[in-house]
file target.cif (mmCIF, N, CA and C atoms)
data_model
#
loop_
_atom_site.label_atom_id
_atom_site.label_comp_id
_atom_site.auth_asym_id
_atom_site.auth_seq_id
_atom_site.Cartn_x
_atom_site.Cartn_y
_atom_site.Cartn_z
N HIS A 1054 33.01 109.09 155.87
CA HIS A 1054 34.16 109.73 156.51
C HIS A 1054 33.86 109.88 158.00
N VAL A 1055 34.79 109.52 158.83
CA VAL A 1055 34.59 109.47 160.27
C VAL A 1055 34.32 110.86 160.89
N ILE A 1056 34.99 111.88 160.40
CA ILE A 1056 34.77 113.23 160.94
C ILE A 1056 33.36 113.71 160.57
N GLN A 1057 32.94 113.48 159.34
CA GLN A 1057 31.59 113.89 158.96
C GLN A 1057 30.53 113.14 159.75
N GLN A 1058 30.77 111.88 160.04
CA GLN A 1058 29.82 111.12 160.86
C GLN A 1058 29.73 111.72 162.25
N ARG A 1059 30.85 112.09 162.82
CA ARG A 1059 30.87 112.71 164.15
C ARG A 1059 30.12 114.04 164.12
N ILE A 1060 30.31 114.81 163.07
CA ILE A 1060 29.62 116.10 162.92
C ILE A 1060 28.10 115.88 162.99
N ILE A 1061 27.62 114.91 162.26
CA ILE A 1061 26.18 114.61 162.24
C ILE A 1061 25.72 114.12 163.61
N GLU A 1062 26.51 113.26 164.24
CA GLU A 1062 26.17 112.76 165.58
C GLU A 1062 26.07 113.88 166.60
N GLU A 1063 26.82 114.95 166.38
CA GLU A 1063 26.82 116.10 167.30
C GLU A 1063 25.68 117.08 167.00
N GLY A 1064 24.83 116.73 166.04
CA GLY A 1064 23.64 117.53 165.79
C GLY A 1064 23.75 118.60 164.72
N PHE A 1065 24.85 118.60 164.00
CA PHE A 1065 25.01 119.54 162.89
C PHE A 1065 24.33 118.99 161.65
N THR A 1066 23.89 119.88 160.78
CA THR A 1066 23.44 119.52 159.45
C THR A 1066 24.53 119.97 158.48
N ILE A 1067 24.93 119.10 157.59
CA ILE A 1067 25.90 119.46 156.57
C ILE A 1067 25.10 120.04 155.40
N VAL A 1068 25.21 121.36 155.23
CA VAL A 1068 24.45 122.09 154.22
C VAL A 1068 25.11 121.98 152.85
N ARG A 1069 26.42 122.09 152.82
CA ARG A 1069 27.20 121.99 151.59
C ARG A 1069 28.44 121.16 151.89
N SER A 1070 28.88 120.40 150.91
CA SER A 1070 30.08 119.59 151.05
C SER A 1070 30.71 119.42 149.68
N GLU A 1071 32.00 119.68 149.61
CA GLU A 1071 32.71 119.50 148.34
C GLU A 1071 34.15 119.12 148.63
N LYS A 1072 34.62 118.11 147.94
CA LYS A 1072 36.02 117.70 148.03
C LYS A 1072 36.78 118.42 146.93
N ILE A 1073 37.79 119.18 147.31
CA ILE A 1073 38.56 119.97 146.35
C ILE A 1073 40.05 119.87 146.67
N THR A 1074 40.86 120.28 145.72
CA THR A 1074 42.29 120.44 145.96
C THR A 1074 42.60 121.91 145.74
N LEU A 1075 43.12 122.55 146.77
CA LEU A 1075 43.45 123.98 146.68
C LEU A 1075 44.75 124.19 145.91
N SER A 1076 44.76 125.19 145.05
CA SER A 1076 46.02 125.64 144.46
C SER A 1076 46.74 126.46 145.53
N ARG A 1077 48.01 126.65 145.35
CA ARG A 1077 48.78 127.46 146.31
C ARG A 1077 48.24 128.89 146.34
N GLU A 1078 47.85 129.41 145.17
CA GLU A 1078 47.31 130.76 145.11
C GLU A 1078 46.01 130.88 145.91
N ARG A 1079 45.10 129.91 145.75
CA ARG A 1079 43.83 129.95 146.50
C ARG A 1079 44.07 129.77 148.00
N ALA A 1080 44.96 128.87 148.36
CA ALA A 1080 45.27 128.66 149.78
C ALA A 1080 45.87 129.93 150.38
N SER A 1081 46.73 130.58 149.64
CA SER A 1081 47.34 131.83 150.09
C SER A 1081 46.28 132.91 150.28
N MET A 1082 45.31 132.97 149.38
CA MET A 1082 44.23 133.94 149.51
C MET A 1082 43.38 133.64 150.75
N PHE A 1083 43.09 132.37 150.96
CA PHE A 1083 42.23 131.99 152.09
C PHE A 1083 42.90 132.30 153.42
N TYR A 1084 44.19 132.03 153.51
CA TYR A 1084 44.94 132.22 154.77
C TYR A 1084 45.74 133.52 154.78
N ARG A 1085 45.33 134.50 153.98
CA ARG A 1085 46.11 135.74 153.84
C ARG A 1085 46.38 136.45 155.16
N GLU A 1086 45.51 136.28 156.14
CA GLU A 1086 45.72 136.93 157.45
C GLU A 1086 46.96 136.41 158.16
N HIS A 1087 47.46 135.25 157.72
CA HIS A 1087 48.65 134.66 158.35
C HIS A 1087 49.93 134.90 157.54
N GLU A 1088 49.81 135.59 156.41
CA GLU A 1088 50.97 135.84 155.57
C GLU A 1088 52.06 136.55 156.38
N GLY A 1089 53.29 136.07 156.23
CA GLY A 1089 54.42 136.64 156.94
C GLY A 1089 54.71 135.97 158.27
N LYS A 1090 53.79 135.17 158.76
CA LYS A 1090 54.02 134.46 160.03
C LYS A 1090 54.89 133.24 159.75
N PRO A 1091 55.65 132.80 160.76
CA PRO A 1091 56.61 131.71 160.54
C PRO A 1091 55.98 130.41 160.00
N PHE A 1092 54.75 130.14 160.33
CA PHE A 1092 54.12 128.89 159.93
C PHE A 1092 53.40 128.97 158.58
N PHE A 1093 53.38 130.14 157.96
CA PHE A 1093 52.56 130.36 156.76
C PHE A 1093 52.93 129.42 155.61
N GLU A 1094 54.19 129.33 155.26
CA GLU A 1094 54.61 128.49 154.12
C GLU A 1094 54.30 127.02 154.39
N GLY A 1095 54.53 126.56 155.62
CA GLY A 1095 54.20 125.18 155.97
C GLY A 1095 52.71 124.91 155.89
N LEU A 1096 51.92 125.89 156.30
CA LEU A 1096 50.47 125.77 156.21
C LEU A 1096 50.04 125.64 154.74
N LEU A 1097 50.61 126.48 153.88
CA LEU A 1097 50.29 126.39 152.46
C LEU A 1097 50.71 125.04 151.89
N ASP A 1098 51.90 124.57 152.27
CA ASP A 1098 52.36 123.25 151.80
C ASP A 1098 51.36 122.17 152.18
N PHE A 1099 50.91 122.21 153.43
CA PHE A 1099 49.98 121.20 153.91
C PHE A 1099 48.63 121.31 153.22
N MET A 1100 48.10 122.51 153.13
CA MET A 1100 46.75 122.70 152.59
C MET A 1100 46.67 122.44 151.09
N THR A 1101 47.80 122.39 150.41
CA THR A 1101 47.81 122.11 148.98
C THR A 1101 48.37 120.72 148.67
N SER A 1102 48.63 119.93 149.71
CA SER A 1102 49.26 118.62 149.52
C SER A 1102 48.30 117.53 149.06
N GLY A 1103 47.03 117.80 149.10
CA GLY A 1103 46.04 116.80 148.68
C GLY A 1103 44.65 117.38 148.84
N PRO A 1104 43.64 116.56 148.60
CA PRO A 1104 42.27 117.07 148.67
C PRO A 1104 41.85 117.44 150.10
N ILE A 1105 40.94 118.40 150.18
CA ILE A 1105 40.30 118.79 151.44
C ILE A 1105 38.79 118.69 151.23
N VAL A 1106 38.06 118.63 152.31
CA VAL A 1106 36.60 118.64 152.23
C VAL A 1106 36.13 119.95 152.84
N VAL A 1107 35.42 120.73 152.04
CA VAL A 1107 34.91 122.03 152.47
C VAL A 1107 33.44 121.84 152.84
N LEU A 1108 33.10 122.13 154.09
CA LEU A 1108 31.75 121.95 154.59
C LEU A 1108 31.14 123.28 155.02
N VAL A 1109 29.85 123.40 154.85
CA VAL A 1109 29.07 124.45 155.48
C VAL A 1109 28.14 123.73 156.44
N LEU A 1110 28.24 124.09 157.72
CA LEU A 1110 27.47 123.41 158.76
C LEU A 1110 26.38 124.31 159.31
N CYS A 1111 25.31 123.69 159.76
CA CYS A 1111 24.20 124.42 160.34
C CYS A 1111 23.84 123.79 161.68
N LYS A 1112 23.64 124.64 162.66
CA LYS A 1112 23.21 124.21 163.99
C LYS A 1112 22.97 125.49 164.78
N HIS A 1113 22.09 125.45 165.76
CA HIS A 1113 21.92 126.61 166.64
C HIS A 1113 23.27 126.91 167.29
N ASP A 1114 23.68 128.17 167.25
CA ASP A 1114 24.95 128.61 167.80
C ASP A 1114 26.11 127.79 167.21
N ALA A 1115 26.07 127.62 165.89
CA ALA A 1115 26.99 126.72 165.18
C ALA A 1115 28.46 127.05 165.38
N ILE A 1116 28.83 128.32 165.35
CA ILE A 1116 30.25 128.66 165.48
C ILE A 1116 30.78 128.21 166.83
N LYS A 1117 30.08 128.53 167.89
CA LYS A 1117 30.50 128.12 169.23
C LYS A 1117 30.52 126.59 169.35
N ALA A 1118 29.48 125.94 168.85
CA ALA A 1118 29.41 124.48 168.94
C ALA A 1118 30.52 123.82 168.13
N TRP A 1119 30.80 124.34 166.95
CA TRP A 1119 31.85 123.78 166.10
C TRP A 1119 33.23 123.97 166.73
N ARG A 1120 33.47 125.15 167.27
CA ARG A 1120 34.77 125.40 167.89
C ARG A 1120 34.97 124.50 169.10
N SER A 1121 33.91 124.22 169.82
CA SER A 1121 33.98 123.30 170.95
C SER A 1121 34.28 121.88 170.47
N LEU A 1122 33.64 121.45 169.41
CA LEU A 1122 33.88 120.11 168.87
C LEU A 1122 35.28 119.99 168.29
N MET A 1123 35.79 121.06 167.66
CA MET A 1123 37.14 121.02 167.10
C MET A 1123 38.18 120.87 168.20
N GLY A 1124 38.05 121.63 169.28
CA GLY A 1124 39.06 121.65 170.33
C GLY A 1124 40.13 122.67 170.03
N PRO A 1125 41.10 122.81 170.92
CA PRO A 1125 42.17 123.79 170.75
C PRO A 1125 43.01 123.54 169.51
N THR A 1126 43.54 124.63 168.93
CA THR A 1126 44.45 124.54 167.79
C THR A 1126 45.68 123.72 168.14
N ASP A 1127 46.18 123.89 169.35
CA ASP A 1127 47.34 123.16 169.84
C ASP A 1127 46.92 121.72 170.14
N VAL A 1128 47.34 120.80 169.28
CA VAL A 1128 46.92 119.40 169.39
C VAL A 1128 47.38 118.79 170.71
N VAL A 1129 48.55 119.16 171.20
CA VAL A 1129 49.03 118.62 172.48
C VAL A 1129 48.06 119.01 173.60
N LEU A 1130 47.68 120.27 173.65
CA LEU A 1130 46.70 120.73 174.64
C LEU A 1130 45.37 120.02 174.44
N ALA A 1131 44.94 119.89 173.19
CA ALA A 1131 43.68 119.21 172.90
C ALA A 1131 43.70 117.78 173.44
N LYS A 1132 44.79 117.06 173.20
CA LYS A 1132 44.90 115.68 173.66
C LYS A 1132 44.88 115.59 175.19
N GLN A 1133 45.50 116.56 175.85
CA GLN A 1133 45.56 116.54 177.31
C GLN A 1133 44.25 116.97 177.95
N ALA A 1134 43.69 118.06 177.50
CA ALA A 1134 42.55 118.68 178.19
C ALA A 1134 41.19 118.36 177.57
N PHE A 1135 41.17 118.07 176.26
CA PHE A 1135 39.91 117.84 175.56
C PHE A 1135 40.05 116.63 174.63
N PRO A 1136 40.27 115.44 175.21
CA PRO A 1136 40.65 114.26 174.42
C PRO A 1136 39.60 113.75 173.44
N ASN A 1137 38.37 114.19 173.56
CA ASN A 1137 37.33 113.70 172.66
C ASN A 1137 37.04 114.67 171.51
N THR A 1138 37.82 115.74 171.40
CA THR A 1138 37.61 116.70 170.32
C THR A 1138 38.26 116.19 169.02
N LEU A 1139 37.86 116.77 167.91
CA LEU A 1139 38.38 116.33 166.62
C LEU A 1139 39.88 116.53 166.49
N ARG A 1140 40.38 117.64 166.99
CA ARG A 1140 41.82 117.89 166.89
C ARG A 1140 42.61 116.94 167.79
N ALA A 1141 42.08 116.59 168.94
CA ALA A 1141 42.75 115.63 169.80
C ALA A 1141 42.79 114.25 169.14
N LEU A 1142 41.72 113.89 168.49
CA LEU A 1142 41.62 112.57 167.88
C LEU A 1142 42.35 112.44 166.55
N TYR A 1143 42.36 113.51 165.74
CA TYR A 1143 42.86 113.38 164.37
C TYR A 1143 44.00 114.33 164.01
N GLY A 1144 44.28 115.33 164.84
CA GLY A 1144 45.36 116.26 164.54
C GLY A 1144 46.70 115.70 164.94
N THR A 1145 47.76 116.21 164.31
CA THR A 1145 49.12 115.77 164.66
C THR A 1145 50.02 116.92 165.08
N SER A 1146 49.62 118.17 164.79
CA SER A 1146 50.40 119.33 165.21
C SER A 1146 49.52 120.57 165.08
N LYS A 1147 50.06 121.73 165.48
CA LYS A 1147 49.29 122.98 165.33
C LYS A 1147 48.94 123.25 163.87
N THR A 1148 49.84 122.94 162.96
CA THR A 1148 49.58 123.15 161.55
C THR A 1148 48.70 122.04 160.98
N TYR A 1149 48.99 120.80 161.37
CA TYR A 1149 48.24 119.65 160.85
C TYR A 1149 47.21 119.24 161.90
N ASN A 1150 46.25 120.15 162.14
CA ASN A 1150 45.32 119.92 163.25
C ASN A 1150 43.96 119.38 162.82
N ALA A 1151 43.87 118.88 161.61
CA ALA A 1151 42.73 118.11 161.11
C ALA A 1151 41.54 118.92 160.62
N VAL A 1152 41.19 120.01 161.28
CA VAL A 1152 39.98 120.74 160.91
C VAL A 1152 40.18 122.24 161.05
N HIS A 1153 39.34 122.98 160.36
CA HIS A 1153 39.36 124.44 160.42
C HIS A 1153 37.94 124.90 160.75
N GLY A 1154 37.83 126.04 161.39
CA GLY A 1154 36.52 126.58 161.65
C GLY A 1154 36.55 128.09 161.78
N SER A 1155 35.52 128.71 161.31
CA SER A 1155 35.39 130.16 161.41
C SER A 1155 35.33 130.56 162.88
N ASP A 1156 35.91 131.72 163.21
CA ASP A 1156 35.93 132.17 164.60
C ASP A 1156 34.88 133.23 164.90
N SER A 1157 34.13 133.63 163.87
CA SER A 1157 33.10 134.65 164.07
C SER A 1157 32.11 134.60 162.91
N VAL A 1158 31.00 135.30 163.07
CA VAL A 1158 30.02 135.39 161.99
C VAL A 1158 30.64 136.05 160.77
N THR A 1159 31.42 137.09 160.99
CA THR A 1159 32.09 137.79 159.89
C THR A 1159 33.01 136.84 159.11
N SER A 1160 33.81 136.07 159.84
CA SER A 1160 34.71 135.10 159.19
C SER A 1160 33.92 134.03 158.47
N ALA A 1161 32.85 133.54 159.08
CA ALA A 1161 32.03 132.50 158.45
C ALA A 1161 31.46 133.00 157.13
N LYS A 1162 30.95 134.21 157.12
CA LYS A 1162 30.39 134.77 155.88
C LYS A 1162 31.47 134.85 154.80
N ARG A 1163 32.64 135.35 155.18
CA ARG A 1163 33.74 135.49 154.21
C ARG A 1163 34.18 134.12 153.71
N GLU A 1164 34.32 133.15 154.60
CA GLU A 1164 34.83 131.83 154.23
C GLU A 1164 33.82 131.05 153.38
N ILE A 1165 32.54 131.14 153.70
CA ILE A 1165 31.53 130.49 152.87
C ILE A 1165 31.52 131.10 151.48
N LYS A 1166 31.58 132.40 151.41
CA LYS A 1166 31.59 133.11 150.12
C LYS A 1166 32.85 132.75 149.32
N PHE A 1167 33.97 132.54 150.00
CA PHE A 1167 35.22 132.18 149.34
C PHE A 1167 35.07 130.86 148.58
N PHE A 1168 34.50 129.86 149.25
CA PHE A 1168 34.39 128.54 148.64
C PHE A 1168 33.11 128.35 147.83
N TYR A 1169 32.06 129.06 148.21
CA TYR A 1169 30.77 128.93 147.54
C TYR A 1169 30.25 130.33 147.19
N PRO A 1170 30.82 130.95 146.16
CA PRO A 1170 30.48 132.35 145.87
C PRO A 1170 29.02 132.60 145.53
N ASN A 1171 28.30 131.59 145.08
CA ASN A 1171 26.89 131.77 144.74
C ASN A 1171 25.96 131.24 145.82
N SER A 1172 26.51 130.96 146.99
CA SER A 1172 25.72 130.39 148.07
C SER A 1172 24.70 131.39 148.60
N MET A 1173 23.56 130.85 148.97
CA MET A 1173 22.50 131.66 149.58
C MET A 1173 22.47 131.43 151.09
N CYS A 1174 23.51 130.82 151.64
CA CYS A 1174 23.54 130.56 153.09
C CYS A 1174 23.47 131.85 153.87
N THR A 1175 22.72 131.83 154.94
CA THR A 1175 22.61 132.97 155.84
C THR A 1175 23.32 132.63 157.13
N VAL A 1176 24.25 133.47 157.52
CA VAL A 1176 25.00 133.25 158.75
C VAL A 1176 24.54 134.29 159.76
N THR A 1177 24.10 133.83 160.92
CA THR A 1177 23.67 134.75 161.96
C THR A 1177 24.29 134.37 163.29
#
call {"tool": "encode", "arguments": {"input": "target.cif", "output": "structure tokens"}}
result
Amino acid sequence: HVIQQRIIEEGFTIVRSEKITLSRERASMFYREHEGKPFFEGLLDFMTSGPIVVLVLCKHDAIKAWRSLMGPTDVVLAKQAFPNTLRALYGTSKTYNAVHGSDSVTSAKREIKFFYPNSMCTVT
């Protein structure tokens, strides 16, 4: 997969990887912070429309490095200002922006536990 190859080229280690298809209920639980927002139903439609790949990545200062590699959520801005980021290269809109990433250590811990409840990953 081209995105995973880029991740490795950027110095990340892929600690866990699983291809899954989210149910609407699981997607709703994962994105619960966005419930009630205008884009929520479309996001659920997209995230349940086919398989996704759930990764746990490792690298020094991984959250900052991953967010930099992803680029802005707004794909138009990503294409204009950060054309080599994953969202600029593979995203098509704010909702269909190709990749997701935790925005903090707290979020990373919650999101890893959500997908890998028995994981021994340490997030710092």
call {"tool": "resolve_selection", "arguments": {"input": "target.cif", "expression": "the PyMOL selection byres ((chain A and resi 1176) around 6.5)", "output": "ChimeraX atom specification"}}
result
/A:1158,1162,1174-1175,1177
call {"tool": "closest_atom_pairs", "arguments": {"input": "target.cif", "of": "segment 1072-1091 of chain A", "to": "segment 1101-1117 of chain A", "cutoff": "8 Å", "atoms": "only C-alpha atoms", "output": "Markdown table"}}
result
| residue | atom | partner | partner_atom | distance |
| --- | --- | --- | --- | --- |
| A:Lys1072 | CA | A:Val1106 | CA | 4.3 |
| A:Ile1073 | CA | A:Pro1104 | CA | 5.2 |
| A:Thr1074 | CA | A:Pro1104 | CA | 4.3 |
| A:Leu1075 | CA | A:Thr1101 | CA | 5.3 |
| A:Ser1076 | CA | A:Thr1101 | CA | 6.0 |
| A:Arg1077 | CA | A:Thr1101 | CA | 6.1 |
| A:Ala1080 | CA | A:Thr1101 | CA | 7.1 |
call {"tool": "resolve_selection", "arguments": {"input": "target.cif", "expression": "the PyMOL selection byres ((chain A and resi 1137-1154) around 8)", "output": "ChimeraX atom specification"}}
result
/A:1056,1092,1095-1096,1099-1100,1116,1119-1136,1155-1157,1160-1161
call {"tool": "atom_distance", "arguments": {"input": "target.cif", "atom1": "atom C of Arg1085 of chain A", "atom2": "atom N of Asn1171 of chain A"}}
result
21.3 Å
